[in-house]
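Source file: coords22.cif (mmCIF, C-alpha atoms)
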data_protein
#
loop_
_atom_site.group_PDB
_atom_site.id
_atom_site.type_symbol
_atom_site.label_atom_id
_atom_site.label_comp_id
_atom_site.auth_asym_id
_atom_site.auth_seq_id
_atom_site.Cartn_x
_atom_site.Cartn_y
_atom_site.Cartn_z
ATOM 1 C CA MET A 1 -94.525 34.779 -3.701
ATOM 2 C CA ALA A 2 -93.339 31.657 -1.881
ATOM 3 C CA LYS A 3 -93.453 28.238 -3.483
ATOM 4 C CA ILE A 4 -93.737 25.587 -0.803
ATOM 5 C CA GLN A 5 -94.692 21.953 -0.449
ATOM 6 C CA LEU A 6 -97.689 21.176 1.748
ATOM 7 C CA ASN A 7 -98.318 17.491 2.527
ATOM 8 C CA GLY A 8 -96.539 16.502 -0.668
ATOM 9 C CA LYS A 9 -98.377 19.021 -2.845
ATOM 10 C CA LYS A 10 -96.746 22.092 -4.398
ATOM 11 C CA ILE A 11 -98.556 25.315 -3.601
ATOM 12 C CA THR A 12 -97.825 29.019 -4.021
ATOM 13 C CA LEU A 13 -98.395 31.504 -1.227
ATOM 14 C CA GLU A 14 -98.306 35.256 -0.956
ATOM 15 C CA ASN A 15 -95.260 36.760 0.672
ATOM 16 C CA LYS A 16 -95.247 36.919 4.466
ATOM 17 C CA THR A 17 -97.745 34.114 4.960
ATOM 18 C CA SER A 18 -97.239 32.629 8.400
ATOM 19 C CA VAL A 19 -97.828 28.977 9.248
ATOM 20 C CA LEU A 20 -100.913 30.050 11.193
ATOM 21 C CA ASN A 21 -102.222 32.034 8.167
ATOM 22 C CA LEU A 22 -101.814 28.915 6.072
ATOM 23 C CA LEU A 23 -103.788 26.796 8.558
ATOM 24 C CA VAL A 24 -106.577 29.377 8.615
ATOM 25 C CA LYS A 25 -106.627 29.410 4.801
ATOM 26 C CA TYR A 26 -107.131 25.633 4.754
ATOM 27 C CA LYS A 27 -109.628 25.756 7.635
ATOM 28 C CA ILE A 28 -107.383 23.605 9.827
ATOM 29 C CA ASP A 29 -107.746 23.917 13.612
ATOM 30 C CA TYR A 30 -104.202 24.385 14.933
ATOM 31 C CA LEU A 31 -105.168 22.669 18.174
ATOM 32 C CA LYS A 32 -105.877 19.409 16.349
ATOM 33 C CA VAL A 33 -102.671 19.100 14.335
ATOM 34 C CA ALA A 34 -98.905 18.883 14.574
ATOM 35 C CA ILE A 35 -96.504 20.327 12.035
ATOM 36 C CA GLU A 36 -93.163 19.239 10.722
ATOM 37 C CA LEU A 37 -91.265 21.961 8.880
ATOM 38 C CA ASN A 38 -88.315 20.835 6.762
ATOM 39 C CA GLY A 39 -88.065 17.620 8.744
ATOM 40 C CA LYS A 40 -88.273 19.181 12.215
ATOM 41 C CA ILE A 41 -91.243 19.594 14.516
ATOM 42 C CA LEU A 42 -92.455 23.180 14.662
ATOM 43 C CA PRO A 43 -93.904 23.908 18.121
ATOM 44 C CA LYS A 44 -97.404 25.415 18.137
ATOM 45 C CA MET A 45 -96.133 28.607 19.774
ATOM 46 C CA LYS A 46 -94.121 29.325 16.617
ATOM 47 C CA PHE A 47 -97.021 28.974 14.153
ATOM 48 C CA LYS A 48 -97.761 32.679 14.245
ATOM 49 C CA LYS A 49 -94.212 33.950 13.922
ATOM 50 C CA ARG A 50 -92.783 31.569 11.372
ATOM 51 C CA LEU A 51 -93.243 32.983 7.855
ATOM 52 C CA LEU A 52 -93.170 30.534 4.974
ATOM 53 C CA LYS A 53 -90.299 30.812 2.527
ATOM 54 C CA ASN A 54 -89.513 29.370 -0.881
ATOM 55 C CA LYS A 55 -88.813 25.624 -0.816
ATOM 56 C CA ASP A 56 -90.207 25.107 2.675
ATOM 57 C CA LYS A 57 -91.564 21.614 3.138
ATOM 58 C CA LEU A 58 -94.504 21.328 5.462
ATOM 59 C CA GLU A 59 -96.197 18.237 6.845
ATOM 60 C CA VAL A 60 -99.453 18.795 8.706
ATOM 61 C CA VAL A 61 -100.700 15.718 10.538
ATOM 62 C CA GLN A 62 -103.711 14.799 12.636
ATOM 63 C CA PHE A 63 -105.250 11.779 14.339
ATOM 64 C CA ILE A 64 -107.365 9.463 12.256
ATOM 65 C CA GLY A 65 -109.045 6.161 12.987
ATOM 66 C CA GLY A 66 -106.564 3.334 13.470
ATOM 67 C CA GLY A 67 -105.896 0.110 15.315
ATOM 68 C CA MET B 1 -118.327 -6.794 40.572
ATOM 69 C CA LYS B 2 -116.960 -3.510 41.879
ATOM 70 C CA LYS B 3 -115.883 -0.960 39.305
ATOM 71 C CA ASP B 4 -112.925 -2.576 37.631
ATOM 72 C CA PHE B 5 -109.855 -0.788 36.326
ATOM 73 C CA PHE B 6 -106.157 -1.290 35.738
ATOM 74 C CA LYS B 7 -103.175 1.003 35.554
ATOM 75 C CA VAL B 8 -100.543 1.595 32.910
ATOM 76 C CA ALA B 9 -97.682 3.902 33.889
ATOM 77 C CA ASN B 10 -99.847 5.005 36.827
ATOM 78 C CA ILE B 11 -102.647 6.072 34.511
ATOM 79 C CA LYS B 12 -105.982 4.577 35.473
ATOM 80 C CA ILE B 13 -107.805 2.847 32.620
ATOM 81 C CA ASN B 14 -111.441 2.248 33.455
ATOM 82 C CA SER B 15 -112.113 -0.601 31.051
ATOM 83 C CA ARG B 16 -110.025 -3.661 30.285
ATOM 84 C CA LEU B 17 -111.270 -3.489 26.731
ATOM 85 C CA ILE B 18 -109.238 -1.067 24.623
ATOM 86 C CA VAL B 19 -110.575 -0.508 21.122
ATOM 87 C CA GLY B 20 -109.144 0.656 17.831
ATOM 88 C CA THR B 21 -110.869 3.326 15.763
ATOM 89 C CA GLY B 22 -109.994 2.066 12.265
ATOM 90 C CA LYS B 23 -111.867 0.189 9.537
ATOM 91 C CA TYR B 24 -115.378 1.403 10.363
ATOM 92 C CA LYS B 25 -117.921 2.369 7.681
ATOM 93 C CA ASN B 26 -117.840 5.981 8.852
ATOM 94 C CA LEU B 27 -117.048 8.094 11.896
ATOM 95 C CA ARG B 28 -120.601 7.903 13.195
ATOM 96 C CA GLU B 29 -120.382 4.126 13.343
ATOM 97 C CA THR B 30 -116.944 4.413 14.972
ATOM 98 C CA ALA B 31 -118.367 6.611 17.713
ATOM 99 C CA GLU B 32 -121.381 4.379 18.340
ATOM 100 C CA ALA B 33 -119.314 1.204 18.490
ATOM 101 C CA ILE B 34 -116.850 2.745 20.936
ATOM 102 C CA LYS B 35 -119.698 3.870 23.147
ATOM 103 C CA ALA B 36 -121.233 0.386 23.099
ATOM 104 C CA SER B 37 -117.880 -1.199 23.945
ATOM 105 C CA GLY B 38 -117.617 0.761 27.174
ATOM 106 C CA ALA B 39 -113.943 1.416 26.380
ATOM 107 C CA ASP B 40 -112.073 4.178 28.173
ATOM 108 C CA MET B 41 -109.030 4.096 25.891
ATOM 109 C CA VAL B 42 -108.952 4.133 22.082
ATOM 110 C CA THR B 43 -106.058 3.753 19.675
ATOM 111 C CA VAL B 44 -105.587 6.316 16.918
ATOM 112 C CA ALA B 45 -103.230 6.703 13.961
ATOM 113 C CA VAL B 46 -101.271 9.752 12.801
ATOM 114 C CA ARG B 47 -101.714 10.752 9.156
ATOM 115 C CA ARG B 48 -101.485 13.775 6.878
ATOM 116 C CA VAL B 49 -104.373 16.235 6.999
ATOM 117 C CA ASN B 50 -106.408 16.079 3.801
ATOM 118 C CA ILE B 51 -105.764 19.515 2.309
ATOM 119 C CA GLN B 52 -107.936 18.906 -0.765
ATOM 120 C CA ASP B 53 -111.143 18.385 1.196
ATOM 121 C CA LYS B 54 -111.566 21.131 3.757
ATOM 122 C CA LYS B 55 -114.857 19.765 5.043
ATOM 123 C CA LYS B 56 -113.712 16.233 5.719
ATOM 124 C CA PRO B 57 -114.993 15.186 9.174
ATOM 125 C CA LEU B 58 -112.408 14.678 11.896
ATOM 126 C CA LEU B 59 -112.109 11.755 14.299
ATOM 127 C CA MET B 60 -111.747 14.212 17.188
ATOM 128 C CA ASP B 61 -115.187 15.663 16.430
ATOM 129 C CA PHE B 62 -116.828 12.249 16.775
ATOM 130 C CA VAL B 63 -114.648 10.627 19.438
ATOM 131 C CA SER B 64 -113.723 13.351 21.873
ATOM 132 C CA PRO B 65 -110.245 13.161 23.414
ATOM 133 C CA LYS B 66 -111.827 14.767 26.477
ATOM 134 C CA LYS B 67 -114.078 11.750 26.923
ATOM 135 C CA TYR B 68 -111.749 8.953 25.780
ATOM 136 C CA LYS B 69 -108.039 8.458 26.409
ATOM 137 C CA TYR B 70 -106.347 8.628 23.021
ATOM 138 C CA LEU B 71 -103.536 6.145 22.566
ATOM 139 C CA PRO B 72 -101.491 7.222 19.532
ATOM 140 C CA ASN B 73 -100.191 4.239 17.621
ATOM 141 C CA THR B 74 -97.438 3.796 15.053
ATOM 142 C CA ALA B 75 -99.431 1.450 12.807
ATOM 143 C CA GLY B 76 -97.860 1.299 9.378
ATOM 144 C CA CYS B 77 -94.296 1.984 10.542
ATOM 145 C CA TYR B 78 -91.618 -0.474 9.428
ATOM 146 C CA ASN B 79 -88.567 0.945 11.159
ATOM 147 C CA SER B 80 -87.525 2.825 14.257
ATOM 148 C CA ASN B 81 -87.145 6.216 12.542
ATOM 149 C CA GLU B 82 -90.685 6.156 11.148
ATOM 150 C CA ALA B 83 -92.098 5.118 14.521
ATOM 151 C CA LEU B 84 -90.193 7.794 16.446
ATOM 152 C CA ARG B 85 -91.228 10.494 13.957
ATOM 153 C CA THR B 86 -94.870 9.447 14.266
ATOM 154 C CA LEU B 87 -94.933 9.463 18.064
ATOM 155 C CA ARG B 88 -93.050 12.740 18.407
ATOM 156 C CA LEU B 89 -95.655 14.322 16.124
ATOM 157 C CA ALA B 90 -98.458 12.655 18.086
ATOM 158 C CA ARG B 91 -97.132 14.164 21.303
ATOM 159 C CA GLU B 92 -96.989 17.555 19.624
ATOM 160 C CA ILE B 93 -100.675 17.424 18.657
ATOM 161 C CA GLY B 94 -101.743 17.615 22.270
ATOM 162 C CA GLY B 95 -99.215 16.375 24.755
ATOM 163 C CA TRP B 96 -99.759 12.620 24.578
ATOM 164 C CA LYS B 97 -97.029 10.789 26.451
ATOM 165 C CA LEU B 98 -98.704 7.422 26.751
ATOM 166 C CA VAL B 99 -98.307 5.814 23.333
ATOM 167 C CA LYS B 100 -98.460 2.479 21.591
ATOM 168 C CA LEU B 101 -95.366 1.423 19.698
ATOM 169 C CA GLU B 102 -95.807 -0.932 16.797
ATOM 170 C CA VAL B 103 -92.916 -1.562 14.382
ATOM 171 C CA LEU B 104 -93.818 -4.064 11.715
ATOM 172 C CA GLY B 105 -91.474 -6.527 10.088
ATOM 173 C CA ASP B 106 -93.210 -7.347 6.818
ATOM 174 C CA ARG B 107 -96.324 -6.472 4.878
ATOM 175 C CA LYS B 108 -97.628 -10.003 4.586
ATOM 176 C CA THR B 109 -97.605 -11.211 8.186
ATOM 177 C CA LEU B 110 -97.548 -7.755 9.840
ATOM 178 C CA TYR B 111 -95.368 -9.486 12.416
ATOM 179 C CA PRO B 112 -93.414 -7.141 14.724
ATOM 180 C CA ASN B 113 -89.743 -6.419 14.021
ATOM 181 C CA MET B 114 -88.446 -6.874 17.570
ATOM 182 C CA ILE B 115 -84.960 -5.450 16.929
ATOM 183 C CA GLU B 116 -86.423 -2.141 15.718
ATOM 184 C CA THR B 117 -89.111 -2.306 18.421
ATOM 185 C CA ILE B 118 -86.596 -2.633 21.269
ATOM 186 C CA LYS B 119 -84.398 0.086 19.772
ATOM 187 C CA SER B 120 -87.394 2.460 19.543
ATOM 188 C CA THR B 121 -88.565 1.620 23.073
ATOM 189 C CA LYS B 122 -85.200 2.647 24.540
ATOM 190 C CA ILE B 123 -85.207 6.000 22.732
ATOM 191 C CA LEU B 124 -88.835 6.785 23.536
ATOM 192 C CA VAL B 125 -88.371 5.971 27.228
ATOM 193 C CA ARG B 126 -85.348 8.289 27.292
ATOM 194 C CA GLU B 127 -87.500 11.041 25.762
ATOM 195 C CA GLY B 128 -90.098 10.701 28.508
ATOM 196 C CA PHE B 129 -92.705 8.640 26.697
ATOM 197 C CA LYS B 130 -94.691 5.916 28.435
ATOM 198 C CA VAL B 131 -94.600 3.122 25.914
ATOM 199 C CA MET B 132 -97.067 0.290 25.480
ATOM 200 C CA VAL B 133 -95.363 -2.126 23.143
ATOM 201 C CA TYR B 134 -96.831 -4.414 20.503
ATOM 202 C CA CYS B 135 -94.615 -7.481 20.386
ATOM 203 C CA THR B 136 -94.236 -11.132 19.468
ATOM 204 C CA ASP B 137 -95.651 -13.705 21.880
ATOM 205 C CA ASP B 138 -92.148 -14.447 23.115
ATOM 206 C CA PRO B 139 -91.530 -14.292 26.892
ATOM 207 C CA ILE B 140 -87.849 -13.427 26.406
ATOM 208 C CA GLN B 141 -88.556 -10.466 24.132
ATOM 209 C CA ALA B 142 -91.248 -9.336 26.566
ATOM 210 C CA LYS B 143 -88.713 -9.418 29.405
ATOM 211 C CA ILE B 144 -86.226 -7.406 27.340
ATOM 212 C CA LEU B 145 -88.925 -4.788 26.757
ATOM 213 C CA GLU B 146 -89.655 -4.658 30.486
ATOM 214 C CA ASP B 147 -85.953 -4.266 31.281
ATOM 215 C CA ASN B 148 -85.786 -1.378 28.805
ATOM 216 C CA GLY B 149 -88.548 0.611 30.455
ATOM 217 C CA ALA B 150 -91.721 -0.373 28.573
ATOM 218 C CA SER B 151 -94.983 0.458 30.382
ATOM 219 C CA ALA B 152 -97.070 -2.431 29.055
ATOM 220 C CA ILE B 153 -96.488 -5.609 27.070
ATOM 221 C CA MET B 154 -98.832 -6.158 24.144
ATOM 222 C CA PRO B 155 -98.225 -9.571 22.626
ATOM 223 C CA LEU B 156 -100.074 -10.613 19.504
ATOM 224 C CA ALA B 157 -102.663 -13.384 19.694
ATOM 225 C CA SER B 158 -102.177 -14.012 15.962
ATOM 226 C CA PRO B 159 -101.383 -11.739 12.966
ATOM 227 C CA ILE B 160 -103.038 -8.296 12.903
ATOM 228 C CA GLY B 161 -106.487 -8.432 11.325
ATOM 229 C CA SER B 162 -106.414 -12.225 10.920
ATOM 230 C CA GLY B 163 -109.154 -13.016 13.440
ATOM 231 C CA LEU B 164 -107.466 -16.312 14.306
ATOM 232 C CA GLY B 165 -107.573 -15.875 18.090
ATOM 233 C CA ILE B 166 -104.827 -16.892 20.514
ATOM 234 C CA GLN B 167 -102.538 -19.293 18.675
ATOM 235 C CA ASN B 168 -100.036 -19.866 21.437
ATOM 236 C CA LYS B 169 -101.681 -19.884 24.841
ATOM 237 C CA LEU B 170 -98.575 -21.299 26.475
ATOM 238 C CA ASN B 171 -96.446 -18.339 25.402
ATOM 239 C CA ILE B 172 -99.033 -15.794 26.520
ATOM 240 C CA SER B 173 -99.189 -17.555 29.923
ATOM 241 C CA MET B 174 -95.407 -17.458 30.220
ATOM 242 C CA ILE B 175 -95.357 -13.742 29.408
ATOM 243 C CA ILE B 176 -97.983 -13.065 32.101
ATOM 244 C CA LYS B 177 -96.020 -15.120 34.629
ATOM 245 C CA ASN B 178 -92.657 -13.512 33.801
ATOM 246 C CA THR B 179 -93.542 -9.829 33.904
ATOM 247 C CA LYS B 180 -94.704 -7.298 36.453
ATOM 248 C CA LEU B 181 -96.082 -5.077 33.697
ATOM 249 C CA PRO B 182 -99.669 -5.104 32.475
ATOM 250 C CA VAL B 183 -100.153 -7.595 29.630
ATOM 251 C CA ILE B 184 -102.670 -6.637 26.961
ATOM 252 C CA VAL B 185 -103.324 -9.052 24.143
ATOM 253 C CA ASP B 186 -103.213 -7.099 20.921
ATOM 254 C CA ALA B 187 -103.980 -8.236 17.383
ATOM 255 C CA GLY B 188 -105.622 -11.336 16.017
ATOM 256 C CA ILE B 189 -108.620 -11.643 18.329
ATOM 257 C CA GLY B 190 -111.475 -12.784 16.088
ATOM 258 C CA THR B 191 -114.544 -13.034 18.244
ATOM 259 C CA ALA B 192 -115.824 -12.375 21.748
ATOM 260 C CA SER B 193 -114.897 -15.789 23.165
ATOM 261 C CA ASP B 194 -111.229 -15.207 22.179
ATOM 262 C CA ALA B 195 -111.233 -12.141 24.428
ATOM 263 C CA THR B 196 -112.796 -14.122 27.271
ATOM 264 C CA ILE B 197 -110.050 -16.745 26.969
ATOM 265 C CA ALA B 198 -107.348 -14.059 27.107
ATOM 266 C CA MET B 199 -108.898 -12.556 30.223
ATOM 267 C CA GLU B 200 -109.402 -15.946 31.888
ATOM 268 C CA MET B 201 -105.710 -16.614 31.377
ATOM 269 C CA GLY B 202 -104.940 -13.527 33.434
ATOM 270 C CA CYS B 203 -104.275 -10.844 30.851
ATOM 271 C CA ASP B 204 -104.863 -7.325 32.155
ATOM 272 C CA GLY B 205 -106.718 -6.278 29.050
ATOM 273 C CA VAL B 206 -107.309 -6.829 25.352
ATOM 274 C CA LEU B 207 -107.108 -4.509 22.371
ATOM 275 C CA ILE B 208 -109.679 -5.071 19.652
ATOM 276 C CA ASN B 209 -110.263 -3.359 16.342
ATOM 277 C CA SER B 210 -111.000 -5.563 13.318
ATOM 278 C CA ALA B 211 -113.094 -8.099 15.242
ATOM 279 C CA ILE B 212 -115.571 -5.334 16.037
ATOM 280 C CA ALA B 213 -115.265 -3.114 12.964
ATOM 281 C CA GLN B 214 -115.322 -5.957 10.443
ATOM 282 C CA SER B 215 -118.223 -7.844 11.988
ATOM 283 C CA LYS B 216 -121.631 -7.587 10.322
ATOM 284 C CA LYS B 217 -123.058 -5.557 13.203
ATOM 285 C CA PRO B 218 -120.176 -3.631 14.791
ATOM 286 C CA ILE B 219 -122.227 -1.934 17.493
ATOM 287 C CA LEU B 220 -123.700 -5.210 18.709
ATOM 288 C CA MET B 221 -120.280 -6.867 18.510
ATOM 289 C CA ALA B 222 -118.765 -4.021 20.538
ATOM 290 C CA GLU B 223 -121.255 -4.723 23.316
ATOM 291 C CA SER B 224 -120.528 -8.436 23.034
ATOM 292 C CA PHE B 225 -116.815 -7.757 23.566
ATOM 293 C CA LYS B 226 -117.604 -5.559 26.553
ATOM 294 C CA ASN B 227 -119.433 -8.468 28.189
ATOM 295 C CA ALA B 228 -116.833 -11.009 27.083
ATOM 296 C CA VAL B 229 -113.997 -9.086 28.711
ATOM 297 C CA ILE B 230 -115.927 -8.578 31.950
ATOM 298 C CA SER B 231 -116.914 -12.246 31.954
ATOM 299 C CA GLY B 232 -113.344 -13.438 31.383
ATOM 300 C CA ARG B 233 -112.019 -11.183 34.114
ATOM 301 C CA GLN B 234 -114.655 -12.379 36.600
ATOM 302 C CA SER B 235 -113.864 -15.974 35.732
ATOM 303 C CA PHE B 236 -110.143 -15.341 36.293
ATOM 304 C CA LEU B 237 -110.804 -13.717 39.670
ATOM 305 C CA ALA B 238 -113.193 -16.496 40.702
ATOM 306 C CA VAL B 239 -110.489 -19.108 39.948
ATOM 307 C CA ARG B 240 -111.798 -22.017 37.919
ATOM 308 C CA MET B 241 -112.456 -25.528 39.306
ATOM 309 C CA LYS B 242 -109.813 -28.213 39.028
ATOM 310 C CA LYS B 243 -109.829 -30.348 35.880
ATOM 311 C CA SER B 244 -110.284 -34.096 36.261
ATOM 312 C CA ILE B 245 -110.025 -36.938 33.780
ATOM 313 C CA ILE B 246 -112.791 -38.883 35.525
ATOM 314 C CA GLY B 247 -116.426 -37.961 36.099
ATOM 315 C CA ASN B 248 -117.590 -36.433 39.354
ATOM 316 C CA PRO B 249 -121.383 -36.373 39.854
ATOM 317 C CA SER B 250 -123.074 -33.122 40.722
ATOM 318 C CA SER B 251 -125.823 -34.883 42.698
ATOM 319 C CA SER B 252 -125.017 -36.844 45.832
ATOM 320 C CA PHE B 253 -125.459 -40.653 45.811
ATOM 321 C CA LYS B 254 -126.620 -40.476 49.449
ATOM 322 C CA ASN B 255 -130.261 -41.432 50.120
ATOM 323 C CA LEU B 256 -130.654 -42.567 46.534
ATOM 324 C CA ILE B 257 -134.166 -44.090 46.016
#
Go ahead and render the structure in this file as structure tokens.
Amino acid sequence: MAKIQLNGKKITLENKTSVLNLLVKYKIDYLKVAIELNGKILPKMKFKKRLLKNKDKLEVVQFIGGG
Amino acid sequence: MKKDFFKVANIKINSRLIVGTGKYKNLRETAEAIKASGADMVTVAVRRVNIQDKKKPLLMDFVSPKKYKYLPNTAGCYNSNEALRTLRLAREIGGWKLVKLEVLGDRKTLYPNMIETIKSTKILVREGFKVMVYCTDDPIQAKILEDNGASAIMPLASPIGSGLGIQNKLNISMIIKNTKLPVIVDAGIGTASDATIAMEMGCDGVLINSAIAQSKKPILMAESFKNAVISGRQSFLAVRMKKSIIGNPSSSFKNLI
């Protein structure tokens, strides 16, 4: 099990869950978001390889309406 | 008038009216208002994905980035670090290099913090961004931004969301005169005639959000702004008549009966 923080919320994941697996689980289209992992941008090409570990902090952002 | 456009950082923008996508009743209304405005470029904000509600509709599904040029904005950022973080993430979403920088100074006036704004501009330019910069209506600050590689100057007409129109026409005129960059009046436009005035003064474009979204009929107001911007631009190009303090009859006195 891996306890991580996703957009400020604590969640628990099964071992060996990749960032891409997590996006699929939350029905998030990877093409429409950007991810910051532990304060650094994680390029899209690494979503599949990067497995989530205990204490990882993830920020998933998208575009919303704004001025 | 022939098809009108202007360029920012060599990117062709097919309407001088740029619109924001915030404050609408829902995304359907957002999409309809943008369509009615005839805008080619729309500003967007970067925020966390809602992980609680998996079915929440997305802006991208209503306002396609294939059809409209997205201009990521740093609305809500109060220092350089927050603004840089936001725009780096925005670029990561889909390669946006043309961005709008907005670093606010305080929550009450929403006035720009020019020290943080200039600092952020320098860093972003170094990182390859093309930066359109929200700024005070100060010709000196505008010149500093130009010297530091900004791609467009976006002075406020009056505080964001105030609807007070252009408060300092003299300063906006000086900015236009002093810079080679496109000048786009951003923030504070309240109604269509304000946009016409900005365009008549020689601005390259205007950016409108609240004045459309917060009107009673946003879709109709969007169309009104479309016409207002075209009208102001035509008037600027036509060059207005000279002002006179005495009357000058329109009908000749010759052959008067």
May I ask you to extract the residues of chain B within 6 Å of chain A, using all atoms listed in the file, and to give them as a list in words?
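My answer is Gly20, Thr21, Gly22, Thr43, Val44, Ala45, Val46, Arg47, Arg48, Val49, Leu59, Leu89, Glu92, Ile93 and Asn209 of chain B.
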Write out, as an mmCIF file, in the frame of the given file, the residues just selected, with C-alpha atoms.
data_model
loop_
_atom_site.group_PDB
_atom_site.id
_atom_site.type_symbol
_atom_site.label_atom_id
_atom_site.label_comp_id
_atom_site.auth_asym_id
_atom_site.auth_seq_id
_atom_site.Cartn_x
_atom_site.Cartn_y
_atom_site.Cartn_z
ATOM 1 C CA GLY B 20 -109.144 0.656 17.831
ATOM 2 C CA THR B 21 -110.869 3.326 15.763
ATOM 3 C CA GLY B 22 -109.994 2.066 12.265
ATOM 4 C CA THR B 43 -106.058 3.753 19.675
ATOM 5 C CA VAL B 44 -105.587 6.316 16.918
ATOM 6 C CA ALA B 45 -103.230 6.703 13.961
ATOM 7 C CA VAL B 46 -101.271 9.752 12.801
ATOM 8 C CA ARG B 47 -101.714 10.752 9.156
ATOM 9 C CA ARG B 48 -101.485 13.775 6.878
ATOM 10 C CA VAL B 49 -104.373 16.235 6.999
ATOM 11 C CA LEU B 59 -112.109 11.755 14.299
ATOM 12 C CA LEU B 89 -95.655 14.322 16.124
ATOM 13 C CA GLU B 92 -96.989 17.555 19.624
ATOM 14 C CA ILE B 93 -100.675 17.424 18.657
ATOM 15 C CA ASN B 209 -110.263 -3.359 16.342
#
Just give me the gap between CA of Lys55 (chain B) and CA of Tyr68 (chain B) in Å, one decimal is fine.
23.6 Å
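Taken over the shown file, the PyMOL selection byres ((chain B and resi 139) around 8) identifies Asp137, Asp138, Ile140, Gln141, Ala142, Lys143, Asn171, Ile172, Met174, Ile175 and Asn178 of chain B.
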Between CA of Ser193 (chain B) and CA of Asn248 (chain B), what is the spacing in Å?
26.4 Å
As an exercise, work out the distance from CA of Val19 (chain A) to CA of Met1 (chain A) in Å and give it to one decimal place.
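Computing it gives 14.6 Å between the two atoms.
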Write out as a list in words the residues lying within 12 Å of Asp106 (chain B), counting only C-alpha atoms and excluding same-chain residues fewer than 3 positions away.
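Close residues of Asp106 (chain B): Gly76, Cys77, Tyr78, Asn79, Val103, Thr109, Leu110, Tyr111, Pro112, Asn113, Met114, Pro159 and Ile160 of chain B.
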Please return, as an MDAnalysis selection string, all polymer residues that have at least one atom within 6 Å of the point (-95.6, 28.6, 1.7); use only C-alpha atoms and the file's own coordinate frame.
chainID A and resid 2:4 13 52:53
Of the listed residues B:Glu127, B:Asp194, B:Asp40, B:Glu223, that which approaches Arg91 (chain B) most closely, counting only C-alpha atoms:
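Comparing B:Glu127, B:Asp194, B:Asp40, B:Glu223 against Arg91 (chain B), the winner is B:Glu127.
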For this structure, which residues satisfy the selection - the PyMOL selection byres ((chain B and resi 145-157) around 8) - when it is evaluated on the file as given? I want them as a PyMOL selection string.
chain B and resi 8-9+118+121-122+125+130-138+141-144+158-160+164-168+172+179+181-189
Can you list what the PyMOL selection byres ((chain B and resi 100) around 7) grabs from this structure, as number ranges by chain?
B: 71-74, 99, 101-102, 131-133
With a distance cut-off of 10 Å and all atoms listed in the file, select the neighbouring residues of Lys49 (chain A), excluding the residue or stretch itself and same-chain residues fewer than 5 positions from it, and output the selection as a list in words.
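These residues fall inside the cut-off: Lys16, Thr17, Ser18, Val19 and Leu20 of chain A.
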Would you kindly return, as JSON, numbers by chain, each protein, DNA or RNA residue with an atom no farther than 8 Å from any atom of Asp4 (chain B), considering all atoms listed in the file and excluding same-chain residues fewer than 5 positions away?
{"B": [14, 15, 16]}
N, CA and C atoms restored at region 14-25 of chain B, emitted as a CSV table (one decimal), keeping the file's coordinate frame:
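part-v6.csv, written as the output of this step:
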chain,number,residue,atom,x,y,z
B,14,ASN,N,-110.2,2.7,32.8
B,14,ASN,CA,-111.4,2.2,33.5
B,14,ASN,C,-112.1,1.1,32.7
B,15,SER,N,-111.6,0.6,31.7
B,15,SER,CA,-112.1,-0.6,31.1
B,15,SER,C,-111.0,-1.4,30.6
B,16,ARG,N,-111.1,-2.8,30.7
B,16,ARG,CA,-110.0,-3.7,30.3
B,16,ARG,C,-110.1,-3.9,28.8
B,17,LEU,N,-111.1,-3.4,28.2
B,17,LEU,CA,-111.3,-3.5,26.7
B,17,LEU,C,-110.8,-2.2,26.1
B,18,ILE,N,-109.7,-2.2,25.4
B,18,ILE,CA,-109.2,-1.1,24.6
B,18,ILE,C,-109.6,-1.3,23.2
B,19,VAL,N,-110.1,-0.3,22.5
B,19,VAL,CA,-110.6,-0.5,21.1
B,19,VAL,C,-109.9,0.4,20.1
B,20,GLY,N,-109.7,-0.1,18.9
B,20,GLY,CA,-109.1,0.7,17.8
B,20,GLY,C,-110.3,1.5,17.2
B,21,THR,N,-109.9,2.5,16.4
B,21,THR,CA,-110.9,3.3,15.8
B,21,THR,C,-110.8,3.2,14.2
B,22,GLY,N,-110.1,2.2,13.7
B,22,GLY,CA,-110.0,2.1,12.3
B,22,GLY,C,-111.0,1.1,11.7
B,23,LYS,N,-111.1,1.2,10.3
B,23,LYS,CA,-111.9,0.2,9.5
B,23,LYS,C,-113.4,0.3,9.7
B,24,TYR,N,-113.9,1.3,10.3
B,24,TYR,CA,-115.4,1.4,10.4
B,24,TYR,C,-115.9,2.0,9.1
B,25,LYS,N,-117.2,1.9,8.9
B,25,LYS,CA,-117.9,2.4,7.7
B,25,LYS,C,-117.8,3.9,7.6
